[in-house]
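Colleague: Okay, handing you the structure first.
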Amino acid sequence: MKKDPIAKLVKGSKLETSDAFTELMMDKLDQQLERRMRVRLYLLICGIAVFFAITTFVLITSGFTIPAFGLKIQLPKMITMLTITVGGFLAVLHLLKLVGISSSREGMAYN
Amino acid sequence: MNRAEKDREIIEQVKAGEQAAFRELVNTYKDDAFALACSILKEPELAEDVLQEVFLKAFQKIRSFKYQSSFYTWLYRIVVNRCYNELRRNKGRRTEALENISELEKGTDLPDPNNVNEYVILALNQMKADEALVLRLFYLSELSIEEVIQVTGFGKSKVKVSLHRGRKNLADLLRKYLGKEIEDL
């Protein structure tokens with residue numbers, strides 16, 4: 001059935017993508033994977049930072065002692081909390097800026 | 001090793017993290033997929049852009065590919081869906097593309113009459129998307145009717161009607177372009 005003239009003509013009229021198609025696609029794939037890895041890394045760093053921030057906050061606000069010197073450090077809760085919140089906020093802003101830069105670079109590469 | 005087994009082997013490599021293996025899949029299917037995209041979008045540049053996105057999406061989703069269908073029907077289905085979405089989104093651009101084709105038809109830029117393949121491509125570009133798509137799936141990619149149904153999502157009767165009308169319209173257009181040289185169609 002497929003050996004008729006129409007079949008032959010359609011079969012013969014192949015179209016081809018541009019020469020650079022595969023390379024361009026693989027480049028985009030690399031960029032996509034790199035971006036995904038970077039985001040995962042940022043999330044990991046963010047998670048660790050949050051963990052340390054909470055631990056530090058708990059330690060500082062509950063007051064801690066250094067046994068060898070019998071030293072007890074007690075910081076004002078409000079100031080500590082504000083410092084950690086502002087620090088965390090700045091860290092997140094910095095992180096978002098970095099992610100933004102990487103995605104805009106990717107956008108430029110696509111054009 | 002047949003096509004399905006070969007594809008399966010490559011897909012398993014990609015799933016195992018060998019990104020370079022994906023290149024082989026791209027090289028195997030890019031031209032047929034491009035022809036399908038051109039059948040719908042009628043603009044090679046746009047078709048290539050869409051196809052790039054399709055392959056990136058296919059790479060992302062390949063881990064969830066369960067071999068319930070062949071890889072090429074799965075891939076072509078993504079191509080067809082993405083192209084019809086693009087067509088719906090850019091109706092204005094589509095009209096412009098058709099105007100350009102009409103200009104080409106009127107003007108002196110027609111292909112060499114000895115190059116029948118160029119005329120077939122031109123004719124397929126002028127046909128309705130559904131008809132050109134079904135013709136290319138059936139004759140160029142050599143899919144069965146069942147596979148064409150899977151890829152397009154059309155009913156069996158629509159596929160058969162599109163195939164019949166597509167054949168007739170293609171023959172009419174080629175006769176119009178090439179006259180006596182193609183009378184036996």
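How things are named: the first chain in the structure tokens is A, the next is B, and so on; residues count from 1 in each chain; ligands count from 1 in the order shown.
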With a distance cut-off of 12 Å and only C-alpha atoms, select the neighbouring residues of Glu23 (chain A), excluding the residue or stretch itself and same-chain residues fewer than 2 positions from it, and output the selection as a CSV table (one decimal) with C-alpha atoms, in the first residue's frame.

Modeller:
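Output below, filename around_10.csv:
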```
chain,number,residue,atom,x,y,z
A,17,THR,CA,17.1,20.6,11.0
A,18,SER,CA,19.9,23.1,10.8
A,19,ASP,CA,23.5,21.8,11.3
A,20,ALA,CA,23.8,23.3,14.8
A,21,PHE,CA,20.5,21.9,16.1
A,25,MET,CA,20.1,21.5,22.2
A,26,MET,CA,22.9,19.8,24.1
A,27,ASP,CA,24.2,23.2,25.2
A,28,LYS,CA,20.8,24.2,26.5
A,29,LEU,CA,20.6,20.8,28.3
A,30,ASP,CA,23.9,21.4,30.0
B,20,ALA,CA,25.6,12.2,26.2
B,22,PHE,CA,20.5,11.5,24.7
B,23,ARG,CA,22.4,13.0,21.8
B,24,GLU,CA,21.9,9.8,19.9
B,26,VAL,CA,18.1,13.5,19.3
B,27,ASN,CA,20.1,12.7,16.1
B,52,GLN,CA,14.4,22.4,21.0
```

Colleague: Using only C-alpha atoms, find each residue in chain B having at least one atom no more than 6 Å away from chain A; report its shortest atom-to-atom pair and that distance in Å (one decimal), rows by chain then rising number, as a Markdown table.

Modeller:
```
| residue | atom | partner | partner_atom | distance |
| --- | --- | --- | --- | --- |
| B:Asp31 | CA | A:Glu16 | CA | 5.0 |
| B:Ala35 | CA | A:Leu15 | CA | 5.6 |
| B:Gln52 | CA | A:Met25 | CA | 5.9 |
| B:Asn117 | CA | A:Ser13 | CA | 4.8 |
| B:Tyr139 | CA | A:Ala7 | CA | 5.4 |
| B:Leu140 | CA | A:Lys11 | CA | 4.5 |
```

Colleague: Please, which residues of chain B, numbered as in this document, come out alpha helix (DSSP H) from DSSP, as a ChimeraX atom specification?

Modeller: /B:3-15,21-41,44-61,71-89,91-106,116-126,129-135,145-152,156-178

Colleague: Using DSSP on the backbone, list every residue of region 3-100 of chain A that comes out as strand (DSSP E or B), and give them as a list in words.

Modeller: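 Filtering region 3-100 of chain A to strand (DSSP E or B) leaves Phe64, Thr65, Ile66, Leu71, Lys72 and Ile73 of chain A.
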
Colleague: Between CA of Arg38 (chain A) and CA of Ile62 (chain B), what is the spacing in Å?

Modeller: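 For CA of Ile62 (chain B) relative to CA of Arg38 (chain A), the distance reads 21.4 Å.
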
Colleague: Skipping near chain neighbours, those fewer than 3 positions away, what residues fall within 12 Å of Val92 (chain A) using only C-alpha atoms, listed as a list in words?

Modeller: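 So, after excluding close chain neighbours, the residues are Tyr42, Leu43, Ile45, Cys46, Gly47, Ala49, Val50, Thr85, Val86, Gly87, Gly88, Phe89, Leu95, Leu96, Lys97, Leu98 and Val99 of chain A.
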
Colleague: Give me, as a PyMOL selection string, all polymer residues having an atom no more than 12 Å from Glu9 (chain B), counting only C-alpha atoms and skipping those fewer than 6 positions away in the same chain.

Modeller: chain B and resi 1-3+15-16+18+21-22+24-25+67+71

Colleague: List as a VMD selection string the protein and nucleic acid residues near Glu146 (chain B), meaning an atom at most 10 Å away when only C-alpha atoms are counted, but skip any in the same chain fewer than 5 places from it.

Modeller: chain B and resid 151 155 to 156 159

Colleague: Nearest residue to Phe65 (chain B) out of B:Val148, B:Val14, B:Leu143, B:Leu41, using only C-alpha atoms?

Modeller: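 Looking only at the distances to Phe65 (chain B), the closest residue turns out to be B:Val14.
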